[in-house]
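Novice: Sharing model_26.txt, compact mmCIF, C-alpha atoms (C1' of nucleotides):
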# COMPACT_ATOMS: atom_id res chain seq x y z
CA MET A 371 132.96 131.08 70.99
CA PRO A 372 129.53 132.70 71.26
CA GLY A 373 127.55 132.51 74.45
CA PRO A 374 124.55 130.24 74.63
CA GLU A 375 122.12 133.09 74.23
CA THR A 376 123.96 135.38 71.92
CA ASP A 377 123.27 133.79 68.62
CA LEU A 378 120.11 131.81 69.12
CA LEU A 379 117.36 133.47 67.17
CA GLN A 380 119.50 135.48 64.86
CA GLY A 381 117.33 136.57 62.04
CA THR A 382 114.36 137.46 64.20
CA LEU A 383 115.28 141.12 64.45
CA ASP A 384 113.47 142.12 61.28
CA VAL A 385 110.22 140.44 62.17
CA LEU A 386 110.34 141.87 65.69
CA ILE A 387 110.74 145.36 64.31
CA LEU A 388 107.95 144.85 61.81
CA LYS A 389 105.65 143.54 64.52
CA THR A 390 106.47 146.46 66.78
CA LEU A 391 105.56 148.86 64.02
CA SER A 392 102.33 147.01 63.30
CA TRP A 393 100.92 148.74 66.38
CA GLY A 394 101.74 152.14 65.01
CA PRO A 395 104.66 154.39 64.11
CA ARG A 396 107.61 154.52 66.45
CA HIS A 397 111.09 155.96 66.36
CA GLY A 398 114.15 153.72 66.31
CA TYR A 399 115.32 154.18 69.85
CA ALA A 400 111.83 153.52 71.13
CA ILE A 401 111.55 150.30 69.14
CA GLY A 402 114.62 148.94 70.87
CA LYS A 403 113.49 149.99 74.31
CA TRP A 404 110.01 148.67 73.77
CA LEU A 405 111.26 145.24 72.70
CA GLU A 406 113.53 145.00 75.71
CA GLU A 407 110.87 146.03 78.17
CA THR A 408 108.10 143.97 76.62
CA SER A 409 110.28 140.87 76.70
CA SER A 410 111.40 141.54 80.28
CA GLU A 411 114.92 142.05 79.02
CA ALA A 412 114.95 138.62 77.38
CA ILE A 413 115.49 140.36 74.06
CA ARG A 414 118.24 142.95 73.91
CA ILE A 415 118.70 144.97 70.77
CA GLU A 416 122.11 146.56 70.37
CA GLU A 417 122.09 149.91 68.64
CA GLY A 418 124.74 148.68 66.27
CA SER A 419 122.24 146.09 65.07
CA LEU A 420 119.11 148.18 65.33
CA TYR A 421 120.01 151.17 63.19
CA PRO A 422 121.54 149.20 60.33
CA ALA A 423 118.47 146.96 60.37
CA LEU A 424 116.16 149.95 60.11
CA TYR A 425 118.24 151.30 57.27
CA ARG A 426 118.09 147.99 55.39
CA MET A 427 114.37 147.65 55.88
CA GLU A 428 113.71 151.16 54.69
CA LYS A 429 115.76 150.54 51.57
CA ARG A 430 113.73 147.41 50.91
CA GLY A 431 110.53 149.37 51.18
CA TRP A 432 109.22 147.55 54.22
CA ILE A 433 109.11 150.67 56.37
CA GLU A 434 109.05 154.39 55.77
CA ALA A 435 110.90 157.01 57.74
CA SER A 436 110.18 160.62 58.52
CA TRP A 437 111.68 163.08 60.96
CA GLY A 438 109.53 163.98 63.87
CA MET A 439 109.46 164.28 67.61
CA SER A 440 109.81 161.74 70.37
CA GLU A 441 107.48 161.66 73.36
CA LEU A 442 110.11 163.68 75.22
CA GLY A 443 110.11 166.35 72.57
CA ARG A 444 113.37 165.43 70.94
CA ARG A 445 114.26 165.13 67.29
CA ALA A 446 113.59 161.55 66.27
CA LYS A 447 113.29 159.49 63.12
CA VAL A 448 109.86 157.93 63.10
CA TYR A 449 109.27 154.71 61.21
CA GLU A 450 106.00 153.48 59.83
CA LEU A 451 105.03 150.11 58.42
CA ALA A 452 104.60 150.17 54.64
CA ALA A 453 102.43 147.79 52.63
CA PRO A 454 105.30 145.48 51.58
CA GLY A 455 106.38 145.34 55.21
CA ARG A 456 102.93 144.27 56.24
CA SER A 457 102.86 141.29 53.91
CA ARG A 458 106.42 140.50 54.78
CA LEU A 459 105.38 140.45 58.41
CA ARG A 460 102.60 137.98 57.67
CA ALA A 461 104.99 135.72 55.77
CA GLU A 462 107.59 135.85 58.51
CA ILE A 463 105.12 135.06 61.25
CA THR A 464 103.93 132.04 59.29
CA ALA A 465 107.52 130.94 58.83
CA TRP A 466 108.23 131.54 62.49
CA ARG A 467 105.39 129.27 63.58
CA ARG A 468 106.54 126.49 61.30
CA LEU A 469 110.19 126.71 62.19
CA SER A 470 110.03 127.45 65.89
CA GLY A 471 107.43 124.70 66.19
CA ALA A 472 109.74 122.25 64.49
CA VAL A 473 112.75 123.27 66.55
CA GLY A 474 110.73 123.26 69.75
CA ARG A 475 109.38 119.78 69.15
CA ILE A 476 112.88 118.47 68.62
CA LEU A 477 114.40 120.24 71.59
CA GLU A 478 111.60 119.37 73.97
CA ALA A 479 111.40 115.73 72.97
CA ARG A 480 112.43 113.63 75.93
CA GLY A 481 115.91 112.40 75.32
CA MET B 86 117.22 140.01 50.14
CA PRO B 87 116.76 136.81 52.12
CA GLY B 88 113.53 134.85 51.89
CA PRO B 89 111.13 134.86 54.80
CA GLU B 90 112.24 131.44 55.97
CA THR B 91 115.87 131.46 55.12
CA ASP B 92 117.29 133.35 58.00
CA LEU B 93 114.78 132.96 60.76
CA LEU B 94 116.29 130.75 63.42
CA GLN B 95 119.88 131.20 62.46
CA GLY B 96 121.97 130.03 65.31
CA THR B 97 119.85 127.00 66.10
CA LEU B 98 121.99 124.62 64.07
CA ASP B 99 124.37 123.87 66.90
CA VAL B 100 121.70 123.08 69.43
CA LEU B 101 119.84 120.91 66.92
CA ILE B 102 122.96 118.89 66.27
CA LEU B 103 123.68 118.55 69.97
CA LYS B 104 120.15 117.42 70.64
CA THR B 105 120.29 114.89 67.82
CA LEU B 106 123.45 113.44 69.30
CA SER B 107 121.92 113.30 72.77
CA TRP B 108 120.05 110.20 71.58
CA GLY B 109 123.25 108.47 70.64
CA PRO B 110 126.14 108.66 68.17
CA ARG B 111 125.39 109.41 64.57
CA HIS B 112 127.39 110.26 61.50
CA GLY B 113 127.18 113.66 59.89
CA TYR B 114 125.13 112.83 56.86
CA ALA B 115 122.62 110.99 59.04
CA ILE B 116 122.27 113.97 61.38
CA GLY B 117 121.19 116.15 58.50
CA LYS B 118 118.77 113.60 57.10
CA TRP B 119 117.31 112.89 60.50
CA LEU B 120 116.65 116.55 61.23
CA GLU B 121 114.94 117.02 57.89
CA GLU B 122 112.75 113.96 58.23
CA THR B 123 111.89 114.51 61.87
CA SER B 124 110.83 118.07 61.15
CA SER B 125 108.83 117.02 58.07
CA GLU B 126 111.23 119.00 55.90
CA ALA B 127 110.60 122.18 57.90
CA ILE B 128 114.27 122.21 58.78
CA ARG B 129 116.71 121.76 55.94
CA ILE B 130 120.39 121.49 56.70
CA GLU B 131 122.68 122.27 53.81
CA GLU B 132 125.85 120.25 53.70
CA GLY B 133 127.84 123.43 53.35
CA SER B 134 126.50 124.41 56.78
CA LEU B 135 126.48 120.99 58.39
CA TYR B 136 130.05 119.89 57.94
CA PRO B 137 131.64 123.18 58.97
CA ALA B 138 129.38 123.18 62.02
CA LEU B 139 130.49 119.70 62.99
CA TYR B 140 134.08 120.73 62.55
CA ARG B 141 133.64 123.80 64.75
CA MET B 142 131.87 121.87 67.45
CA GLU B 143 134.50 119.18 67.49
CA LYS B 144 137.24 121.79 67.84
CA ARG B 145 135.33 123.28 70.77
CA GLY B 146 135.19 119.92 72.45
CA TRP B 147 131.41 119.62 72.36
CA ILE B 148 131.45 116.48 70.25
CA GLU B 149 133.96 113.76 69.46
CA ALA B 150 134.51 112.14 66.11
CA SER B 151 135.68 108.71 65.09
CA TRP B 152 135.67 106.85 61.81
CA GLY B 153 133.24 104.02 61.57
CA MET B 154 130.55 102.54 59.42
CA SER B 155 127.12 103.77 58.43
CA GLU B 156 124.05 101.56 58.56
CA LEU B 157 124.62 100.87 54.89
CA GLY B 158 128.14 99.68 55.52
CA ARG B 159 129.93 102.72 54.22
CA ARG B 160 132.82 104.64 55.67
CA ALA B 161 131.37 107.38 57.86
CA LYS B 162 132.55 109.82 60.51
CA VAL B 163 130.58 109.13 63.64
CA TYR B 164 130.04 111.90 66.15
CA GLU B 165 129.35 111.48 69.82
CA LEU B 166 128.25 113.99 72.43
CA ALA B 167 131.03 114.93 74.84
CA ALA B 168 130.56 116.21 78.38
CA PRO B 169 131.02 119.92 77.48
CA GLY B 170 128.53 119.44 74.71
CA ARG B 171 126.01 118.02 77.11
CA SER B 172 126.13 121.02 79.42
CA ARG B 173 126.16 123.33 76.44
CA LEU B 174 123.02 121.60 75.23
CA ARG B 175 121.31 122.21 78.57
CA ALA B 176 122.28 125.88 78.50
CA GLU B 177 121.12 126.34 74.95
CA ILE B 178 117.78 124.69 75.57
CA THR B 179 117.21 126.98 78.54
CA ALA B 180 118.11 129.96 76.39
CA TRP B 181 115.87 128.70 73.62
CA ARG B 182 112.87 128.51 75.94
CA ARG B 183 113.43 132.02 77.19
CA LEU B 184 114.05 133.60 73.83
CA SER B 185 111.57 131.73 71.68
CA GLY B 186 108.98 132.32 74.37
CA ALA B 187 109.65 136.03 74.34
CA VAL B 188 109.62 136.23 70.57
CA GLY B 189 106.51 134.11 70.33
CA ARG B 190 104.60 136.22 72.82
CA ILE B 191 105.43 139.34 70.86
CA LEU B 192 104.62 137.88 67.48
CA GLU B 193 101.40 136.23 68.59
CA ALA B 194 100.10 139.25 70.48
CA ARG B 195 97.02 140.51 68.74
CA GLY B 196 97.98 143.57 66.71
C1' DC C 1213 128.87 175.29 86.88
C1' DA C 1214 130.72 170.87 85.76
C1' DT C 1215 129.60 166.31 85.20
C1' DC C 1216 127.08 162.53 84.35
C1' DA C 1217 123.20 159.60 82.66
C1' DA C 1218 119.76 159.22 79.43
C1' DT C 1219 117.88 160.12 74.97
C1' DA C 1220 118.54 159.74 70.02
C1' DC C 1221 121.01 159.10 66.01
C1' DC C 1222 124.95 157.07 63.21
C1' DT C 1223 129.26 154.45 61.31
C1' DA C 1224 133.36 151.33 60.67
C1' DG C 1225 135.46 147.12 61.21
C1' DA C 1226 135.72 142.64 62.87
C1' DC C 1227 133.52 138.41 63.47
C1' DC C 1228 130.79 134.61 62.58
C1' DT C 1229 127.50 131.75 60.34
C1' DT C 1230 125.25 130.14 56.43
C1' DC C 1231 124.87 129.07 51.83
C1' DG C 1232 125.85 127.88 47.00
C1' DA C 1233 128.70 125.55 44.20
C1' DG C 1234 131.83 122.75 43.45
C1' DG C 1235 134.81 118.34 44.08
C1' DC C 1236 135.91 113.37 45.43
C1' DA C 1237 134.86 108.49 46.20
C1' DA C 1238 132.14 104.21 46.57
C1' DC C 1239 128.03 101.59 45.75
C1' DG C 1240 123.87 99.85 43.33
C1' DT C 1241 120.82 99.80 39.54
C1' DC C 1242 119.18 100.10 34.94
C1' DG D 720 128.31 103.02 31.10
C1' DA D 721 125.39 106.44 33.17
C1' DC D 722 122.96 107.88 36.92
C1' DG D 723 121.24 108.53 41.72
C1' DT D 724 122.40 107.99 46.43
C1' DT D 725 125.39 107.94 50.12
C1' DG D 726 129.08 110.26 52.54
C1' DC D 727 132.70 113.46 53.12
C1' DC D 728 134.96 118.00 52.26
C1' DT D 729 136.37 123.07 50.89
C1' DC D 730 136.13 127.66 49.05
C1' DG D 731 134.30 132.14 48.53
C1' DA D 732 130.48 135.17 48.68
C1' DA D 733 126.92 137.04 51.21
C1' DG D 734 124.76 138.68 55.05
C1' DG D 735 123.75 139.83 59.84
C1' DT D 736 125.31 141.14 64.50
C1' DC D 737 128.34 143.05 67.70
C1' DT D 738 131.90 146.07 69.73
C1' DA D 739 133.40 150.32 69.97
C1' DG D 740 133.53 154.28 68.83
C1' DG D 741 131.35 159.11 67.48
C1' DT D 742 127.81 163.33 67.68
C1' DA D 743 124.23 166.24 69.93
C1' DT D 744 120.66 167.56 73.28
C1' DT D 745 118.42 167.43 77.68
C1' DG D 746 117.85 166.95 82.70
C1' DA D 747 119.54 165.92 87.12
C1' DT D 748 123.24 165.83 90.52
C1' DG D 749 126.88 167.42 92.98
Take the structure from the file and write it as structure tokens.
Specialist:
Amino acid sequence: MPGPETDLLQGTLDVLILKTLSWGPRHGYAIGKWLEETSSEAIRIEEGSLYPALYRMEKRGWIEASWGMSELGRRAKVYELAAPGRSRLRAEITAWRRLSGAVGRILEARG
Amino acid sequence: MPGPETDLLQGTLDVLILKTLSWGPRHGYAIGKWLEETSSEAIRIEEGSLYPALYRMEKRGWIEASWGMSELGRRAKVYELAAPGRSRLRAEITAWRRLSGAVGRILEARG
DNA sequence: CATCAATACCTAGACCTTCGAGGCAACGTC
DNA sequence: GACGTTGCCTCGAAGGTCTAGGTATTGATG
């Protein structure tokens, strides 16, 4: 039995990654950390979800990877938003507004 | 490769069902129709998702089922919110606010 | 110097949900 | 009699996420 938070908003990982990369290239580990910090720990990205997601998205051509350096001077795989990822991001944000709006209106309706 | 809308908001089905039942008992088919109409078709519940979800939630004690009649006078399985389901609903709505707020702030931030 | 935490990547397997596709039955309409 | 709607169900595939491991490097701590 999943916890109340665990599974809400499954399926948002991709769009969160794409949005993070829309501000510029970042390496995988930093994407996860950034999302956690930016959301005040509301969003937690497990590495076992993050790396497979990056791999999927690269295979789909949404992002492009290259080996580089982290801010701390370590070997890191840096991801960059590709053109298909950018339009995918737009489509997903549109879908997010529609769907989260619909869900929110239902959940916040006085019952 | 899932469509942009398909998988966003996975995991919200349970809370949507619970919320629907918070306004009173309803049979399964009607829950699905009601969610689709109320959301102006933004939310579409496939029967292959709906009935297994109801079954799960009944087994978990969140809802209770009994055979009755639909508004059209047909045999229908009527579900009712049980006490554990009511507190689960509260917890999930709280989680929804936190998480959808966090996701929304990230996605709507000017990039 | 040994140890530990943090950084940074990855994988395998289990788990769960969702969906698509099908089936069954009853009713009303054309 | 055929068809659309209502109303329920099940199976298997597909897909994502998590847990739990693993590797390697660096810096701090004892």
Novice: Mind running a least-squares superposition of chain A onto chain B over all the C-alpha atoms, in order, and reading off the RMSD?
Specialist: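 After superposition, the RMSD is 0.0 Å.
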Novice: Would you kindly report the residues of chain A within 7 Å of chain B, using only C-alpha atoms, as number ranges by chain?
Specialist: A: 374-375, 377-382, 389, 392-393, 409, 412-413, 461-463, 465-466, 468-469, 472, 477, 481
Novice: When the cut-off is 10 Å and we count all atoms listed in the file, which residues of chain B are near chain C, given as a PyMOL selection string?
Specialist: chain B and resi 91-92+95-96+98+130-135+137-138+157-160
Novice: Which chain D residues have any atom within 8 Å of an atom of chain A, and for each, what is the nearest pair of atoms with distance in Å to one decimal, counting all atoms listed in the file, rows sorted by chain and number, as CSV?
Specialist:
residue,atom,partner,partner_atom,distance
D:DG735,C1',A:Gly381,CA,7.5
D:DT736,C1',A:Ser419,CA,5.9
D:DC737,C1',A:Gly418,CA,6.8
D:DT744,C1',A:Arg444,CA,7.9
Novice: Give me, please, the distance in Å between atom CA of A:Trp404 and atom CA of A:Leu424, quoted to one decimal.
Specialist: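 These two atoms are separated by 15.0 Å.
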